[in-house]
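K.L.:
Please see the structure below; I have some questions.
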Amino acid sequence: MALPYKIATLLYCFNERDEVLLLERAQEPNMGYWSPCGGKLHTEIGESPYACACREALEEIGLSIEPRDLHLTGIVSEHGYEGRAHWLMFLFEVKPRLKTLPKPNREGQFAFFSADKLPSPKLPQTDLEQIWPLFWKHRGGFFAAHCHCHMDGHNDWQIEESEKSVECRVKGAIYEPIRVG
């Protein structure tokens with residue numbers, strides 16, 4: 001299927017209560033759905049996924065971070081997502097903890113959710129099916145997955161790499177609370 005290939009980063013930000021920050025998207029893709037903040041790489045200037053993640057953190061939530069503040073938890077490729085594009089997504093956990101909820105902006109509004117209270121009916125299908133379960137399972141580790149999205153709504157998933165965290169890195173001095181604003 002000849003479709004454009006889009007490259008993006010997703011930022012998994014947490015507060016001090018270990019709740020994840022989600023954005024109710026006011027724009028496509030996934031308008032009206034909750035997802036981590038992030039955005040498309042500026043491929044025309046050769047932007048790296050880490051530079052994109054840092055730029056998007058500043059633009060969307062006012063958070064100034066550097067590549068060392070990120071942990072690459074996963075890479076997800078989607079073939080034919082919604083019949084409109086192929087996607088390559090880099091999923092980064094942001095190590096510094098957020099102390100405040102970012103203000104709404106042109107991208108949408110924000111809320112924190114605990115792992116067991118994600119807004120399931122309002123999550124994109126691929127996120128609900130595999131991306132969130134893979135993220136929680138590999139938090140502190142790494143995974144790579146590929147999804148072949150079909151026009152009839154079903155998806156075929158393949159896990160290409162899976163390295164679970166040896167120890168839980170989310171508790172302790174690695175993640176420092178910071179204020180966003």
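Ordering of the structure tokens sets the chain letters (A, B, ...), residue numbers begin anew at 1 in every chain, and ligands are numbered from 1 in the order given.
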Quick check for you: according to DSSP on this backbone, which residues of segment 123-158 of chain A are classed as strand (DSSP E)? Reply as number ranges by chain.

P.N.:
A: 142-149, 155-158

K.L.:
As a ChimeraX atom specification, please: the residues near segment 70-73 of chain A (cut-off 9 Å, only C-alpha atoms, same-chain neighbours under 3 positions excluded).

P.N.:
/A:11,50,53-54,65-67,90-96,135,138-144

K.L.:
Deliver the residues from the most recent selection as a file, using N, CA, C and O atoms, as a CSV table (one decimal), in the first residue's frame.

P.N.:
```
chain,number,residue,atom,x,y,z
A,11,LEU,N,5.4,11.2,24.3
A,11,LEU,CA,6.0,11.5,25.6
A,11,LEU,C,5.1,11.0,26.7
A,11,LEU,O,4.0,11.4,26.9
A,50,TYR,N,15.1,12.1,19.6
A,50,TYR,CA,15.4,12.7,20.9
A,50,TYR,C,15.2,14.2,20.8
A,50,TYR,O,14.6,14.8,21.7
A,53,ALA,N,11.5,14.9,20.6
A,53,ALA,CA,10.8,14.8,21.9
A,53,ALA,C,11.1,16.0,22.8
A,53,ALA,O,10.1,16.5,23.5
A,54,CYS,N,12.3,16.5,22.8
A,54,CYS,CA,12.6,17.7,23.6
A,54,CYS,C,11.9,18.9,23.1
A,54,CYS,O,11.3,19.6,23.9
A,65,ILE,N,13.6,20.0,28.5
A,65,ILE,CA,14.3,18.8,28.9
A,65,ILE,C,15.4,18.6,27.9
A,65,ILE,O,15.5,19.2,26.8
A,66,GLU,N,16.3,17.7,28.2
A,66,GLU,CA,17.4,17.3,27.3
A,66,GLU,C,17.3,15.8,27.1
A,66,GLU,O,16.6,15.1,27.8
A,67,PRO,N,18.0,15.3,26.0
A,67,PRO,CA,17.9,13.9,25.7
A,67,PRO,C,18.2,13.0,26.9
A,67,PRO,O,17.6,11.9,27.1
A,90,PHE,N,8.3,6.7,18.2
A,90,PHE,CA,9.3,6.5,19.3
A,90,PHE,C,8.6,6.9,20.6
A,90,PHE,O,8.2,8.0,20.8
A,91,LEU,N,8.5,6.0,21.5
A,91,LEU,CA,7.8,6.2,22.8
A,91,LEU,C,8.8,6.4,23.9
A,91,LEU,O,9.6,5.5,24.3
A,92,PHE,N,8.8,7.7,24.4
A,92,PHE,CA,9.8,8.1,25.4
A,92,PHE,C,9.1,8.3,26.8
A,92,PHE,O,8.1,8.9,26.9
A,93,GLU,N,9.7,7.7,27.8
A,93,GLU,CA,9.3,8.1,29.2
A,93,GLU,C,10.1,9.2,29.6
A,93,GLU,O,11.3,9.2,29.5
A,94,VAL,N,9.5,10.3,30.1
A,94,VAL,CA,10.2,11.5,30.5
A,94,VAL,C,10.5,11.2,32.0
A,94,VAL,O,9.6,11.0,32.8
A,95,LYS,N,11.8,11.3,32.3
A,95,LYS,CA,12.2,10.9,33.7
A,95,LYS,C,11.8,11.9,34.8
A,95,LYS,O,11.4,11.5,35.8
A,96,PRO,N,12.0,13.3,34.5
A,96,PRO,CA,11.5,14.2,35.6
A,96,PRO,C,10.0,14.1,35.8
A,96,PRO,O,9.3,14.0,34.8
A,135,PHE,N,3.6,-0.8,26.8
A,135,PHE,CA,4.3,0.2,27.6
A,135,PHE,C,4.4,-0.1,29.1
A,135,PHE,O,5.5,-0.1,29.7
A,138,HIS,N,6.8,-3.0,29.7
A,138,HIS,CA,8.2,-2.8,29.4
A,138,HIS,C,8.7,-1.5,30.0
A,138,HIS,O,9.9,-1.0,29.7
A,139,ARG,N,8.0,-0.8,30.9
A,139,ARG,CA,8.4,0.4,31.5
A,139,ARG,C,9.7,0.2,32.2
A,139,ARG,O,9.9,-0.7,33.0
A,140,GLY,N,10.7,1.0,31.8
A,140,GLY,CA,12.1,0.9,32.3
A,140,GLY,C,12.9,-0.1,31.5
A,140,GLY,O,14.1,-0.2,31.6
A,141,GLY,N,12.3,-0.8,30.5
A,141,GLY,CA,13.0,-1.6,29.6
A,141,GLY,C,12.8,-1.1,28.2
A,141,GLY,O,12.9,0.1,28.0
A,142,PHE,N,12.6,-2.0,27.2
A,142,PHE,CA,12.4,-1.6,25.8
A,142,PHE,C,11.6,-2.7,25.1
A,142,PHE,O,11.7,-3.9,25.3
A,143,PHE,N,10.8,-2.2,24.1
A,143,PHE,CA,10.2,-3.1,23.2
A,143,PHE,C,10.1,-2.5,21.8
A,143,PHE,O,10.2,-1.2,21.6
A,144,ALA,N,9.9,-3.3,20.8
A,144,ALA,CA,9.7,-2.8,19.4
A,144,ALA,C,8.5,-3.7,18.9
A,144,ALA,O,8.5,-4.9,19.1
```

K.L.:
Residues at most 6 Å from segment 1-8 of chain A, counting only C-alpha atoms, excluding those fewer than 4 positions away in the same chain, as number ranges by chain?

P.N.:
A: 39-41, 85-89

K.L.:
Counting only C-alpha atoms, figure out which residue out of A:Ile75, A:Leu21, A:Leu10, A:Ala145 gets nearest to Gln130 of chain A.

P.N.:
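Once distances to Gln130 of chain A are computed over only C-alpha atoms, the minimum belongs to A:Ala145.
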
K.L.:
Report, in Å to a single decimal, how far apart atom CA of Gly74 of chain A and atom CA of Thr43 of chain A are.

P.N.:
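A separation of 19.8 Å between them.
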
K.L.:
Using only C-alpha atoms, can you tell me which of A:Lys117, A:Lys164, A:His154, A:Arg97 comes closest to Glu129 of chain A?

P.N.:
A:His154

K.L.:
Can you list, as a PyMOL selection string, every protein, DNA or RNA residue that comes within 9 Å of Ala115 of chain A when you count only C-alpha atoms, leaving out same-chain residues fewer than 5 positions away?

P.N.:
chain A and resi 18-20+136

K.L.:
Would you return as an MDAnalysis selection string the members of segment 8-174 of chain A that DSSP assigns to helix (DSSP H, G or I) on this structure's backbone?

P.N.:
chainID A and resid 43:45 49:61 67:69 115:117 120:122 125:138

K.L.:
Check the smallest atom-to-atom distance from each of A:Leu98, A:Cys52, A:Cys147, A:Ile131 to Phe112 of chain A using only C-alpha atoms, then report the winner.

P.N.:
A:Leu98

K.L.:
Of the candidates A:Glu16, A:Arg68, A:Tyr81, A:Gly108, which shows the shortest atom-to-atom distance to Gly38 of chain A, using only C-alpha atoms?

P.N.:
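Once distances to Gly38 of chain A are computed over only C-alpha atoms, the minimum belongs to A:Gly108.
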